[in-house]
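Trainee: So here's my_file_2.cif, just mmCIF, C-alpha atoms:
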data_data
loop_
_atom_site.label_atom_id
_atom_site.label_comp_id
_atom_site.auth_asym_id
_atom_site.auth_seq_id
_atom_site.Cartn_x
_atom_site.Cartn_y
_atom_site.Cartn_z
CA MET A 25 5.56 -4.55 36.22
CA ALA A 26 3.17 -7.47 36.54
CA LYS A 27 2.36 -9.45 33.43
CA GLN A 28 -0.73 -8.09 31.74
CA ALA A 29 -3.84 -10.16 31.24
CA LYS A 30 -4.36 -11.68 27.82
CA LYS A 31 -5.64 -9.02 25.47
CA ARG A 32 -6.88 -9.25 21.90
CA PRO A 33 -4.34 -7.69 19.50
CA GLU A 34 -5.38 -5.78 16.42
CA VAL A 35 -4.75 -7.29 13.01
CA LEU A 36 -2.97 -4.57 11.03
CA SER A 37 -3.02 -5.03 7.25
CA PRO A 38 -1.27 -3.28 4.36
CA ALA A 39 -3.24 -1.08 1.98
CA GLY A 40 -1.29 0.20 -1.00
CA THR A 41 -4.42 1.54 -2.72
CA LEU A 42 -7.96 2.51 -1.81
CA GLU A 43 -9.23 -0.77 -3.26
CA LYS A 44 -6.83 -2.74 -1.06
CA LEU A 45 -7.85 -0.70 1.99
CA LYS A 46 -11.48 -1.64 1.48
CA VAL A 47 -10.60 -5.30 0.89
CA ALA A 48 -8.45 -5.44 4.03
CA VAL A 49 -11.19 -3.92 6.17
CA ASP A 50 -13.84 -6.18 4.66
CA TYR A 51 -11.68 -9.24 5.37
CA GLY A 52 -11.27 -8.46 9.04
CA ALA A 53 -8.44 -5.97 9.51
CA ASP A 54 -8.81 -3.97 12.70
CA ALA A 55 -6.50 -1.35 11.21
CA VAL A 56 -4.69 -0.64 7.95
CA PHE A 57 -1.52 1.26 7.17
CA VAL A 58 -1.19 3.30 4.00
CA GLY A 59 1.18 5.73 2.33
CA GLY A 60 0.48 9.32 1.51
CA GLN A 61 2.12 11.15 -1.35
CA ALA A 62 4.93 12.49 0.82
CA TYR A 63 7.38 11.45 3.56
CA GLY A 64 6.98 7.68 3.08
CA LEU A 65 9.23 4.77 2.09
CA ARG A 66 7.20 3.18 -0.71
CA SER A 67 7.25 5.56 -3.66
CA ARG A 68 5.77 2.88 -5.97
CA ALA A 69 3.01 1.57 -3.70
CA GLY A 70 0.09 3.42 -5.29
CA ASN A 71 0.13 6.03 -2.55
CA PHE A 72 -3.06 7.86 -1.55
CA SER A 73 -4.15 11.30 -2.64
CA MET A 74 -5.82 13.34 0.08
CA GLU A 75 -9.23 12.66 -1.48
CA GLU A 76 -8.59 8.91 -1.53
CA LEU A 77 -7.28 9.00 2.01
CA GLN A 78 -10.39 10.78 3.27
CA GLU A 79 -12.58 8.19 1.56
CA GLY A 80 -10.48 5.41 3.07
CA ILE A 81 -10.66 6.87 6.57
CA ASP A 82 -14.42 7.26 6.32
CA TYR A 83 -14.81 3.71 4.97
CA ALA A 84 -12.68 2.21 7.74
CA HIS A 85 -14.20 4.22 10.59
CA LYS A 86 -17.71 3.33 9.48
CA ARG A 87 -16.73 -0.32 9.93
CA GLY A 88 -14.86 0.09 13.20
CA ALA A 89 -11.33 -0.01 11.76
CA LYS A 90 -8.44 2.46 12.04
CA VAL A 91 -6.12 3.99 9.46
CA TYR A 92 -2.44 4.82 9.94
CA VAL A 93 -0.24 6.71 7.48
CA ALA A 94 3.43 5.80 7.08
CA ALA A 95 5.65 8.90 7.09
CA ASN A 96 8.81 7.00 7.92
CA MET A 97 11.42 8.42 5.57
CA VAL A 98 14.82 9.64 6.80
CA THR A 99 14.72 13.33 5.91
CA HIS A 100 17.66 15.15 4.38
CA GLU A 101 17.88 18.91 4.46
CA GLY A 102 14.76 20.32 2.83
CA ASN A 103 12.78 17.05 2.80
CA GLU A 104 10.82 18.16 5.86
CA ALA A 105 9.44 21.26 4.15
CA GLY A 106 5.67 21.45 4.44
CA ALA A 107 5.42 18.54 6.88
CA GLY A 108 3.69 20.56 9.60
CA ALA A 109 0.78 21.60 7.41
CA TRP A 110 0.55 18.05 6.02
CA PHE A 111 0.35 16.47 9.49
CA LYS A 112 -2.24 19.03 10.55
CA GLN A 113 -4.38 18.18 7.53
CA LEU A 114 -4.12 14.45 8.34
CA ARG A 115 -5.21 15.12 11.91
CA ASP A 116 -8.19 17.20 10.79
CA MET A 117 -9.25 14.43 8.38
CA GLY A 118 -9.64 12.07 11.34
CA LEU A 119 -6.53 9.93 10.77
CA ASP A 120 -5.81 7.63 13.71
CA ALA A 121 -2.00 7.82 13.72
CA VAL A 122 1.13 8.47 11.70
CA ILE A 123 4.13 6.13 11.64
CA ILE A 124 7.41 8.08 11.82
CA SER A 125 11.11 7.23 12.28
CA ASP A 126 12.87 10.60 11.88
CA PRO A 127 13.05 12.67 15.10
CA ALA A 128 12.67 15.88 13.07
CA LEU A 129 9.31 14.74 11.70
CA ILE A 130 8.26 13.59 15.17
CA VAL A 131 8.94 17.06 16.58
CA ILE A 132 7.19 18.76 13.67
CA CYS A 133 4.12 16.52 14.01
CA SER A 134 3.82 16.80 17.78
CA THR A 135 4.20 20.60 17.81
CA GLU A 136 2.22 21.53 14.70
CA ALA A 137 -0.46 18.79 14.79
CA PRO A 138 -1.09 18.15 18.50
CA GLY A 139 -3.64 15.42 19.10
CA LEU A 140 -2.47 13.22 16.22
CA ASP A 141 -1.07 9.96 17.62
CA ILE A 142 2.49 9.09 16.59
CA HIS A 143 3.76 5.52 16.23
CA LEU A 144 7.50 4.91 15.99
CA SER A 145 8.51 3.10 12.80
CA THR A 146 10.50 -0.13 12.84
CA GLN A 147 13.16 1.89 10.96
CA ALA A 148 14.08 3.44 14.31
CA SER A 149 15.35 0.05 15.57
CA SER A 150 13.75 -0.11 19.02
CA THR A 151 15.18 -3.22 20.66
CA ASN A 152 14.84 -2.68 24.45
CA TYR A 153 12.35 -1.33 26.97
CA GLU A 154 14.47 1.71 27.89
CA THR A 155 14.07 2.87 24.30
CA PHE A 156 10.32 2.34 24.54
CA GLU A 157 10.22 4.41 27.72
CA PHE A 158 12.21 7.20 26.06
CA TRP A 159 9.70 7.47 23.23
CA LYS A 160 6.86 7.37 25.76
CA GLN A 161 8.33 10.47 27.42
CA VAL A 162 8.51 12.14 24.01
CA GLY A 163 4.77 11.51 23.69
CA LEU A 164 4.55 8.50 21.36
CA THR A 165 1.77 6.00 22.03
CA ARG A 166 3.14 2.99 20.15
CA VAL A 167 6.49 1.55 19.03
CA VAL A 168 6.87 -0.79 16.06
CA LEU A 169 9.32 -3.40 17.25
CA ALA A 170 12.65 -3.75 15.45
CA ARG A 171 12.57 -6.94 13.43
CA GLU A 172 15.80 -8.12 15.09
CA VAL A 173 14.13 -8.63 18.50
CA ASN A 174 13.62 -12.23 19.64
CA MET A 175 10.67 -13.61 21.57
CA ALA A 176 12.44 -13.60 24.96
CA GLU A 177 13.41 -9.95 24.49
CA LEU A 178 9.86 -9.14 23.43
CA ALA A 179 8.54 -10.74 26.62
CA GLU A 180 10.92 -8.67 28.75
CA ILE A 181 9.99 -5.44 26.96
CA ARG A 182 6.33 -6.17 27.63
CA LYS A 183 7.00 -6.72 31.34
CA GLN A 184 8.83 -3.41 31.69
CA THR A 185 6.71 -0.96 29.69
CA ALA A 186 3.06 -0.18 29.01
CA VAL A 187 3.78 1.40 25.61
CA GLU A 188 1.86 -0.34 22.83
CA ILE A 189 3.93 -2.90 20.91
CA GLU A 190 3.40 -3.43 17.20
CA ALA A 191 5.24 -6.44 15.74
CA PHE A 192 5.66 -7.77 12.22
CA VAL A 193 4.09 -11.21 11.75
CA HIS A 194 3.94 -11.81 7.99
CA GLY A 195 5.51 -10.68 4.74
CA ALA A 196 8.79 -9.66 3.17
CA MET A 197 11.87 -9.27 5.33
CA CYS A 198 14.79 -6.93 4.70
CA ILE A 199 18.41 -8.12 4.70
CA SER A 200 19.52 -4.81 6.26
CA TYR A 201 19.20 -3.90 9.93
CA SER A 202 15.63 -2.74 10.48
CA GLY A 203 15.41 -1.90 6.79
CA ARG A 204 17.98 0.89 6.93
CA CYS A 205 19.76 0.17 3.66
CA VAL A 206 22.26 2.19 1.61
CA LEU A 207 22.93 -0.54 -0.97
CA SER A 208 20.21 0.71 -3.33
CA ASN A 209 21.58 4.26 -3.18
CA HIS A 210 25.11 3.03 -3.88
CA MET A 211 24.20 0.76 -6.78
CA SER A 212 21.34 2.59 -8.50
CA HIS A 213 21.30 6.09 -6.96
CA ARG A 214 17.89 5.40 -5.47
CA ASP A 215 17.71 6.16 -1.75
CA ALA A 216 15.86 3.39 0.10
CA ASN A 217 15.59 5.57 3.20
CA ARG A 218 13.72 8.22 1.23
CA GLY A 219 11.35 5.91 -0.64
CA GLY A 220 13.32 4.84 -3.69
CA CYS A 221 14.51 1.31 -2.88
CA SER A 222 15.51 -0.64 -6.01
CA GLN A 223 15.64 -3.89 -3.97
CA SER A 224 19.30 -4.56 -4.74
CA CYS A 225 19.23 -7.43 -2.24
CA ARG A 226 16.75 -9.24 -4.51
CA TRP A 227 19.14 -9.23 -7.47
CA LYS A 228 21.14 -12.26 -8.55
CA TYR A 229 24.85 -12.20 -7.70
CA ASP A 230 27.81 -14.39 -8.63
CA LEU A 231 31.62 -14.29 -8.83
CA TYR A 232 33.02 -13.95 -12.34
CA GLU A 233 36.34 -14.13 -14.12
CA MET A 234 36.51 -11.22 -16.59
CA PRO A 235 39.35 -11.94 -19.07
CA PHE A 236 40.08 -9.05 -21.41
CA GLY A 237 38.35 -9.50 -24.73
CA SER A 238 36.43 -12.59 -23.62
CA GLU A 239 33.02 -13.28 -22.19
CA ARG A 240 32.72 -13.40 -18.45
CA GLN A 241 32.79 -16.82 -16.84
CA SER A 242 31.34 -17.82 -13.49
CA LEU A 243 33.98 -19.01 -11.06
CA ARG A 244 31.52 -21.50 -9.57
CA GLY A 245 29.39 -22.48 -12.55
CA GLU A 246 25.93 -21.14 -13.26
CA ILE A 247 23.66 -21.84 -10.29
CA PRO A 248 19.96 -21.20 -10.90
CA GLU A 249 18.24 -18.60 -8.71
CA GLU A 250 21.34 -17.44 -6.88
CA TYR A 251 19.87 -14.77 -4.61
CA SER A 252 22.75 -14.50 -2.17
CA MET A 253 21.30 -11.66 -0.06
CA SER A 254 17.57 -12.17 -0.53
CA SER A 255 15.80 -13.11 2.69
CA VAL A 256 12.76 -15.38 2.86
CA ASP A 257 9.38 -14.06 3.99
CA MET A 258 8.12 -14.04 7.57
CA CYS A 259 5.21 -16.16 8.75
CA MET A 260 4.13 -16.29 12.41
CA ILE A 261 0.70 -17.88 11.93
CA GLU A 262 1.72 -20.94 13.97
CA HIS A 263 3.01 -18.76 16.79
CA ILE A 264 0.05 -16.46 17.39
CA PRO A 265 -0.21 -17.86 20.97
CA ASP A 266 3.32 -16.65 21.83
CA LEU A 267 2.64 -13.19 20.46
CA ILE A 268 -0.66 -12.82 22.30
CA GLU A 269 0.64 -14.25 25.58
CA ASN A 270 3.57 -11.84 25.46
CA GLY A 271 1.27 -8.86 25.09
CA VAL A 272 1.74 -7.70 21.51
CA ASP A 273 -0.88 -5.04 20.80
CA SER A 274 -0.77 -5.07 17.00
CA LEU A 275 0.10 -7.86 14.55
CA LYS A 276 1.52 -6.22 11.42
CA ILE A 277 1.27 -7.78 7.97
CA GLU A 278 3.74 -6.41 5.41
CA GLY A 279 2.79 -5.92 1.76
CA ARG A 280 1.44 -2.57 0.55
CA MET A 281 2.49 -3.51 -2.99
CA LYS A 282 0.80 -6.94 -2.88
CA SER A 283 -2.43 -7.86 -4.69
CA ILE A 284 -5.97 -7.90 -3.29
CA HIS A 285 -5.74 -11.70 -3.47
CA TYR A 286 -2.78 -11.60 -1.07
CA VAL A 287 -4.27 -8.94 1.23
CA SER A 288 -7.63 -10.70 1.52
CA THR A 289 -6.13 -14.16 2.08
CA VAL A 290 -3.50 -13.19 4.66
CA THR A 291 -5.81 -10.84 6.55
CA ASN A 292 -8.50 -13.54 6.63
CA CYS A 293 -6.00 -16.04 8.09
CA TYR A 294 -4.61 -13.82 10.86
CA LYS A 295 -8.08 -12.58 11.79
CA ALA A 296 -9.25 -16.20 12.10
CA ALA A 297 -6.15 -17.15 14.09
CA VAL A 298 -6.59 -14.33 16.60
CA ASP A 299 -10.32 -14.95 16.98
CA ALA A 300 -9.74 -18.66 17.53
CA TYR A 301 -7.00 -18.23 20.14
CA MET A 302 -8.98 -15.63 22.05
CA GLU A 303 -11.79 -18.19 22.20
CA SER A 304 -9.47 -20.93 23.47
CA PRO A 305 -6.08 -22.52 22.69
CA GLU A 306 -7.94 -25.64 21.57
CA ALA A 307 -9.93 -23.64 19.01
CA PHE A 308 -6.72 -22.20 17.57
CA TYR A 309 -4.90 -25.53 17.27
CA ALA A 310 -7.99 -27.07 15.67
CA ILE A 311 -7.70 -24.71 12.67
CA LYS A 312 -3.92 -24.12 12.62
CA ASP A 313 -3.19 -26.55 9.77
CA ASP A 314 -6.03 -25.09 7.70
CA LEU A 315 -4.55 -21.62 8.19
CA ILE A 316 -1.13 -22.79 7.00
CA ASP A 317 -2.63 -24.44 3.93
CA GLU A 318 -4.58 -21.28 3.17
CA LEU A 319 -1.50 -19.06 3.28
CA TRP A 320 0.21 -21.23 0.66
CA LYS A 321 -2.53 -20.39 -1.83
CA VAL A 322 -1.02 -16.97 -2.49
CA ALA A 323 2.29 -16.17 -4.16
CA GLN A 324 5.15 -15.63 -1.73
CA ARG A 325 8.69 -16.71 -1.04
CA GLU A 326 9.69 -19.44 1.38
CA LEU A 327 8.55 -18.77 4.94
CA ALA A 328 10.39 -18.52 8.25
CA THR A 329 10.04 -16.87 11.67
CA GLY A 330 12.70 -14.18 11.28
CA PHE A 331 14.62 -13.44 14.49
CA TYR A 332 11.87 -14.49 16.90
CA TYR A 333 13.31 -17.91 17.81
CA HIS A 334 16.88 -17.93 16.50
CA ILE A 335 19.36 -15.83 14.56
CA PRO A 336 18.57 -16.37 10.87
CA SER A 337 21.02 -18.62 9.05
CA GLU A 338 21.52 -19.52 5.39
CA ASN A 339 18.18 -21.36 5.66
CA GLU A 340 16.46 -17.98 5.88
CA GLN A 341 18.02 -16.76 2.62
CA LEU A 342 17.01 -17.61 -0.93
CA PHE A 343 19.96 -19.26 -2.59
CA GLY A 344 20.68 -22.71 -3.93
CA ALA A 345 17.71 -25.07 -4.14
CA ARG A 346 14.32 -23.50 -3.42
CA ARG A 347 11.15 -25.28 -2.57
CA LYS A 348 8.39 -25.43 -5.15
CA ILE A 349 5.60 -23.16 -3.98
CA PRO A 350 2.00 -24.15 -4.82
CA GLN A 351 -0.02 -21.21 -6.09
CA TYR A 352 -3.68 -20.85 -6.81
CA LYS A 353 -4.54 -18.39 -9.57
CA PHE A 354 -6.75 -15.48 -8.57
CA VAL A 355 -9.39 -15.24 -11.29
CA ALA A 356 -12.34 -13.09 -10.16
CA GLU A 357 -14.29 -11.34 -7.42
CA VAL A 358 -18.02 -11.39 -6.76
CA VAL A 359 -19.84 -8.11 -7.39
CA ASP A 360 -23.45 -9.30 -7.11
CA PHE A 361 -25.51 -12.38 -6.29
CA ASP A 362 -29.01 -13.35 -7.44
CA GLN A 363 -30.44 -15.59 -4.73
CA ALA A 364 -33.47 -16.67 -6.80
CA ALA A 365 -31.43 -17.73 -9.82
CA MET A 366 -28.39 -18.84 -7.79
CA ARG A 367 -26.15 -16.86 -10.13
CA ALA A 368 -23.18 -14.68 -9.29
CA THR A 369 -22.01 -11.67 -11.25
CA ILE A 370 -18.23 -11.60 -11.13
CA ARG A 371 -15.50 -9.20 -12.20
CA GLN A 372 -12.83 -11.13 -14.03
CA ARG A 373 -9.18 -10.76 -12.97
CA ASN A 374 -7.60 -13.58 -14.97
CA VAL A 375 -8.54 -16.07 -17.71
CA ILE A 376 -11.67 -18.08 -16.85
CA VAL A 377 -12.74 -21.20 -18.75
CA GLU A 378 -16.00 -23.12 -18.57
CA GLY A 379 -15.39 -26.21 -16.43
CA ASP A 380 -12.49 -24.74 -14.41
CA ARG A 381 -12.28 -25.99 -10.85
CA VAL A 382 -12.43 -22.98 -8.55
CA GLU A 383 -12.61 -22.09 -4.88
CA PHE A 384 -14.76 -19.29 -3.50
CA TYR A 385 -13.63 -17.67 -0.26
CA GLY A 386 -14.84 -14.74 1.78
CA PRO A 387 -14.52 -12.87 5.10
CA GLY A 388 -14.94 -15.03 8.16
CA PHE A 389 -12.86 -17.81 6.59
CA ARG A 390 -15.73 -19.05 4.41
CA HIS A 391 -14.76 -21.48 1.63
CA PHE A 392 -16.27 -23.85 -0.89
CA GLU A 393 -15.12 -25.45 -4.14
CA THR A 394 -17.11 -25.82 -7.36
CA THR A 395 -16.66 -25.65 -11.14
CA ILE A 396 -17.29 -22.77 -13.51
CA HIS A 397 -20.71 -23.59 -14.99
CA ASN A 398 -22.96 -21.73 -17.41
CA LEU A 399 -20.41 -18.97 -18.05
CA LYS A 400 -21.92 -15.90 -19.74
CA ASP A 401 -20.60 -12.50 -20.76
CA ALA A 402 -22.09 -9.12 -19.79
CA ASP A 403 -24.65 -9.41 -22.61
CA GLY A 404 -25.88 -12.76 -21.36
CA GLN A 405 -24.26 -14.73 -24.19
CA ALA A 406 -22.89 -18.17 -23.32
CA ILE A 407 -19.11 -18.34 -23.71
CA LYS A 408 -16.49 -21.05 -23.18
CA ARG A 409 -13.55 -18.81 -22.32
CA ALA A 410 -13.21 -15.30 -20.94
CA PRO A 411 -9.70 -13.95 -21.60
CA ASN A 412 -10.01 -10.23 -20.86
CA PRO A 413 -9.46 -8.93 -17.29
CA MET A 414 -12.02 -6.66 -15.57
CA GLU A 415 -14.99 -7.82 -17.68
CA LEU A 416 -18.28 -8.56 -15.94
CA LEU A 417 -19.38 -12.19 -16.27
CA SER A 418 -22.00 -14.41 -14.67
CA ILE A 419 -21.92 -18.04 -13.52
CA ASP A 420 -24.11 -20.52 -11.66
CA VAL A 421 -23.15 -21.17 -8.03
CA PRO A 422 -24.21 -24.08 -5.77
CA GLN A 423 -24.54 -21.95 -2.64
CA ALA A 424 -24.93 -18.33 -1.62
CA VAL A 425 -22.02 -15.92 -2.09
CA LYS A 426 -21.56 -12.26 -1.20
CA PRO A 427 -20.19 -9.21 -3.01
CA GLY A 428 -16.49 -9.03 -2.20
CA ASP A 429 -15.98 -12.79 -2.12
CA MET A 430 -12.94 -13.89 -4.14
CA ILE A 431 -12.51 -16.74 -6.63
CA ARG A 432 -9.27 -18.59 -7.24
CA ALA A 433 -8.60 -21.41 -9.72
CA CYS A 434 -7.58 -24.67 -8.05
CA LYS A 435 -4.65 -26.83 -9.02
CA GLU A 436 -5.46 -30.50 -8.91
CA GLY A 437 -3.47 -33.22 -7.18
CA LEU A 438 -0.48 -32.98 -4.90
CA VAL A 439 2.58 -30.74 -4.91
CA ASN A 440 6.00 -31.50 -3.47
CA LEU A 441 7.62 -28.78 -1.37
CA TYR A 442 11.38 -29.19 -1.68
CA ARG A 443 13.63 -28.13 1.19
CA LYS A 444 17.25 -27.05 1.01
CA ASP A 445 18.42 -30.19 2.83
CA GLY A 446 17.03 -32.30 -0.01
CA THR A 447 13.95 -33.58 1.82
CA SER A 448 10.44 -32.84 0.65
CA GLN A 449 6.89 -32.76 1.93
CA THR A 450 3.83 -33.59 -0.14
CA VAL A 451 0.83 -31.32 0.39
CA ARG A 452 -2.58 -30.98 -1.24
CA ALA A 453 -2.64 -28.30 -3.89
#
Represent the structure of the file as structure tokens.
Mentor:
Amino acid sequence: MAKQAKKRPEVLSPAGTLEKLKVAVDYGADAVFVGGQAYGLRSRAGNFSMEELQEGIDYAHKRGAKVYVAANMVTHEGNEAGAGAWFKQLRDMGLDAVIISDPALIVICSTEAPGLDIHLSTQASSTNYETFEFWKQVGLTRVVLAREVNMAELAEIRKQTAVEIEAFVHGAMCISYSGRCVLSNHMSHRDANRGGCSQSCRWKYDLYEMPFGSERQSLRGEIPEEYSMSSVDMCMIEHIPDLIENGVDSLKIEGRMKSIHYVSTVTNCYKAAVDAYMESPEAFYAIKDDLIDELWKVAQRELATGFYYHIPSENEQLFGARRKIPQYKFVAEVVDFDQAAMRATIRQRNVIVEGDRVEFYGPGFRHFETTIHNLKDADGQAIKRAPNPMELLSIDVPQAVKPGDMIRACKEGLVNLYRKDGTSQTVRA
């Protein structure tokens, strides 16, 4: 098969709640993936009721975006009960696709809800083009690539099949093969493959001597932050050209349990990266460093490229020394703007103090910095400090803002990022 012409991939963002869905769409997501209240793998992700899902679908479609529902659990006997009627209801609501890993659910969906697109979950571990072709014959329209596939293998898969490829580009990685973990079930009786993961790989582990009648003693001495199985997060923002040139159809951002600060920031960055590269390679490389700096303004672990360029080593796990991550504090969102008075009404999310240095940012990668000035409460009374989240406040702004813009508090000066090899890099915070 001849190499396909360069095509714009969709930016696919996580949406753990209806609020996050709307934020993701507003900040440039071409599609979002959500969880319903059954058959998914994130039981604590604020999953959607049918009423919320319908509102989310309508909101996304009105703005040209798609909605996918994750139904990627591994079913045990009885877990599949009612799935046919559920898939049929999703189809009739106008859902764009479901994401499934279990063959039983795939058969139920395709026979009882014909017309509803099915995407194969990364849990199914698709690592070669023959597998893609098999699922094409079954009737699936897209395969989410196994996270163990490298860039050369991805390129070969693209050459050999026309099935849509969805690939993870940002967010938390799993220490287990394609996320199929039994450790949580063994250690806490919570089945990760049926939505109950207790994230045992994120716990701290050590080796101890346990003398009878005495306190336990570490055999190696107490080492701070000893996460021996915990993987770092993925970040492919610098490698968008490779993903686009190799024909990836959908760039998937992980994080249905992340905040709206995270969803808006990361979606904004990948949307800007894709738009820039589709314009020209020069346009992408001109903003690449700004995109990297922007991603470090949200809370996350260290970042790496997963399996795309090499087999992960100890450098892709969180143990021993960790680099110091700069974080901006998300403090508010804009709900209204008075152009004549140049005042913004904001909904507070964290403590705000008169004189704080803040950064406004919005869809389309818009940014500016200013200070909190003329802070007033909902009654119009001047205040010096606003400590209570979700209150409506107002402030002066030096330039126009829009409802939905976010505000984060800036840290002043420079921050050192410490690497495991003992070297460091100084960046602007």
Trainee: Near Val91 in chain A, counting all atoms listed in the file, which residues have an atom at most 8 Å away, once you skip same-chain residues fewer than 6 positions from it, shown as a list in words?
Mentor: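 Using all atoms listed in the file, the neighbours found are Ala55, Val56, Phe57, Val58, Gly80, Ile81, Ala84, Leu119, Asp120 and Ala121 of chain A.
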Trainee: Counting all atoms listed in the file, which of A:Lys160, A:Arg432, A:Arg171, A:His85 gets nearest to Asp380 in chain A?
Mentor: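 Using all atoms listed in the file, the shortest distance to Asp380 in chain A belongs to A:Arg432.
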Trainee: Kindly indicate which residue among A:Asp266, A:Asp82, A:Glu43, A:Asp126 lies nearest to Ala95 in chain A, using all atoms listed in the file for the distances.
Mentor: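 Closest candidate: A:Asp126.
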Trainee: Select, from A:Asn96, A:Gln161, A:Asn374, A:Thr185, the residue with the minimum atom-to-atom distance to Val272 in chain A, counting only C-alpha atoms.
Mentor: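 Distance minimum relative to Val272 in chain A lands on A:Thr185.
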Trainee: When you draw a straight line from CA of Val167 in chain A to CA of Leu144 in chain A, how long is it in Å?
Mentor: 4.6 Å
Trainee: Hey, what's within 12 Å of Leu169 in chain A if we count all atoms listed in the file and toss same-chain stuff fewer than 2 positions away? As a ChimeraX atom specification, please?
Mentor: /A:125,143-153,155-156,166-167,171-175,177-179,181-182,187-193,202,272-276,331-332
Trainee: Starting from the PyMOL selection byres ((chain A and resi 408-410) around 8), expand the selection into actual residues of this file and give them as a ChimeraX atom specification.
Mentor: /A:375-378,399,401,406-407,411-412
Trainee: Could you pull the residues within 8 Å of Gly388 in chain A, counting only C-alpha atoms, minus those fewer than 2 positions along the same chain, as a PyMOL selection string?
Mentor: chain A and resi 51-52+292+296+386+390
Trainee: I'd like the contact shell of range 285-291 of chain A - 7 Å cut-off, all atoms listed in the file, skipping same-chain residues fewer than 3 positions apart - returned as a VMD selection string.
Mentor: chain A and resid 37 47 to 48 51 to 53 282 294 to 295 319 322 354
Trainee: Between A:Val358, A:Met430, A:Ala176, A:Ala89, which is the closest to Lys46 in chain A once you count all atoms listed in the file?
Mentor: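 Among the listed residues, the smallest separation from Lys46 in chain A belongs to A:Ala89.
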Trainee: Separation of CA of Gly59 in chain A and CA of Asp141 in chain A, in Å?
Mentor: 16.0 Å
Trainee: Applied to this file, what does the PyMOL selection byres ((chain A and resi 194) around 9) return in terms of residues, put as a PDB file with C-alpha atoms, in the coordinates of the input?
Mentor:
ATOM      1  CA  PHE A 192       5.660  -7.770  12.220  1.00  0.00           C
ATOM      2  CA  VAL A 193       4.090 -11.210  11.750  1.00  0.00           C
ATOM      3  CA  GLY A 195       5.510 -10.680   4.740  1.00  0.00           C
ATOM      4  CA  ALA A 196       8.790  -9.660   3.170  1.00  0.00           C
ATOM      5  CA  MET A 197      11.870  -9.270   5.330  1.00  0.00           C
ATOM      6  CA  ASP A 257       9.380 -14.060   3.990  1.00  0.00           C
ATOM      7  CA  MET A 258       8.120 -14.040   7.570  1.00  0.00           C
ATOM      8  CA  CYS A 259       5.210 -16.160   8.750  1.00  0.00           C
ATOM      9  CA  MET A 260       4.130 -16.290  12.410  1.00  0.00           C
ATOM     10  CA  ILE A 261       0.700 -17.880  11.930  1.00  0.00           C
ATOM     11  CA  LEU A 275       0.100  -7.860  14.550  1.00  0.00           C
ATOM     12  CA  LYS A 276       1.520  -6.220  11.420  1.00  0.00           C
ATOM     13  CA  ILE A 277       1.270  -7.780   7.970  1.00  0.00           C
ATOM     14  CA  GLU A 278       3.740  -6.410   5.410  1.00  0.00           C
ATOM     15  CA  GLY A 279       2.790  -5.920   1.760  1.00  0.00           C
ATOM     16  CA  VAL A 290      -3.500 -13.190   4.660  1.00  0.00           C
ATOM     17  CA  LEU A 327       8.550 -18.770   4.940  1.00  0.00           C
ATOM     18  CA  THR A 329      10.040 -16.870  11.670  1.00  0.00           C
TER      19      THR A 329
END
Trainee: Write out as a PyMOL selection string each polymer residue whose atoms come within 9 Å of Ala297 in chain A, counting only C-alpha atoms; drop sequence neighbours fewer than 5 positions from it.
Mentor: chain A and resi 261-262+264+292+302+307-308+311-312+315
Trainee: Show me, as AutoDock Vina command-line options, the centre and edge lengths in Å to one decimal of the axis-aligned box that covers every listed atom of range 90-104 of chain A with 6 Å on each side.
Mentor:
--center_x 4.7 --center_y 11.4 --center_z 7.4 --size_x 38.3 --size_y 29.9 --size_z 21.2
Trainee: Rounded to one decimal in Å, what is the spacing between CA of Glu415 in chain A and CA of Ile370 in chain A?
Mentor: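 Separating CA of Glu415 in chain A from CA of Ile370 in chain A is a distance of 8.2 Å.
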Trainee: For this structure, which residues satisfy the selection - the PyMOL selection byres ((chain A and resi 110) around 12) - when it is evaluated on the file as given? I want them as a compact mmCIF listing (two decimals) with C-alpha atoms, in the frame of the given file.
Mentor:
# COMPACT_ATOMS: atom_id res chain seq x y z
CA GLY A 60 0.48 9.32 1.51
CA GLN A 61 2.12 11.15 -1.35
CA ALA A 62 4.93 12.49 0.82
CA TYR A 63 7.38 11.45 3.56
CA SER A 73 -4.15 11.30 -2.64
CA MET A 74 -5.82 13.34 0.08
CA VAL A 93 -0.24 6.71 7.48
CA ALA A 95 5.65 8.90 7.09
CA GLU A 104 10.82 18.16 5.86
CA ALA A 105 9.44 21.26 4.15
CA GLY A 106 5.67 21.45 4.44
CA ALA A 107 5.42 18.54 6.88
CA GLY A 108 3.69 20.56 9.60
CA ALA A 109 0.78 21.60 7.41
CA PHE A 111 0.35 16.47 9.49
CA LYS A 112 -2.24 19.03 10.55
CA GLN A 113 -4.38 18.18 7.53
CA LEU A 114 -4.12 14.45 8.34
CA ARG A 115 -5.21 15.12 11.91
CA ASP A 116 -8.19 17.20 10.79
CA MET A 117 -9.25 14.43 8.38
CA LEU A 119 -6.53 9.93 10.77
CA VAL A 122 1.13 8.47 11.70
CA LEU A 129 9.31 14.74 11.70
CA ILE A 132 7.19 18.76 13.67
CA CYS A 133 4.12 16.52 14.01
CA GLU A 136 2.22 21.53 14.70
CA ALA A 137 -0.46 18.79 14.79
CA LEU A 140 -2.47 13.22 16.22
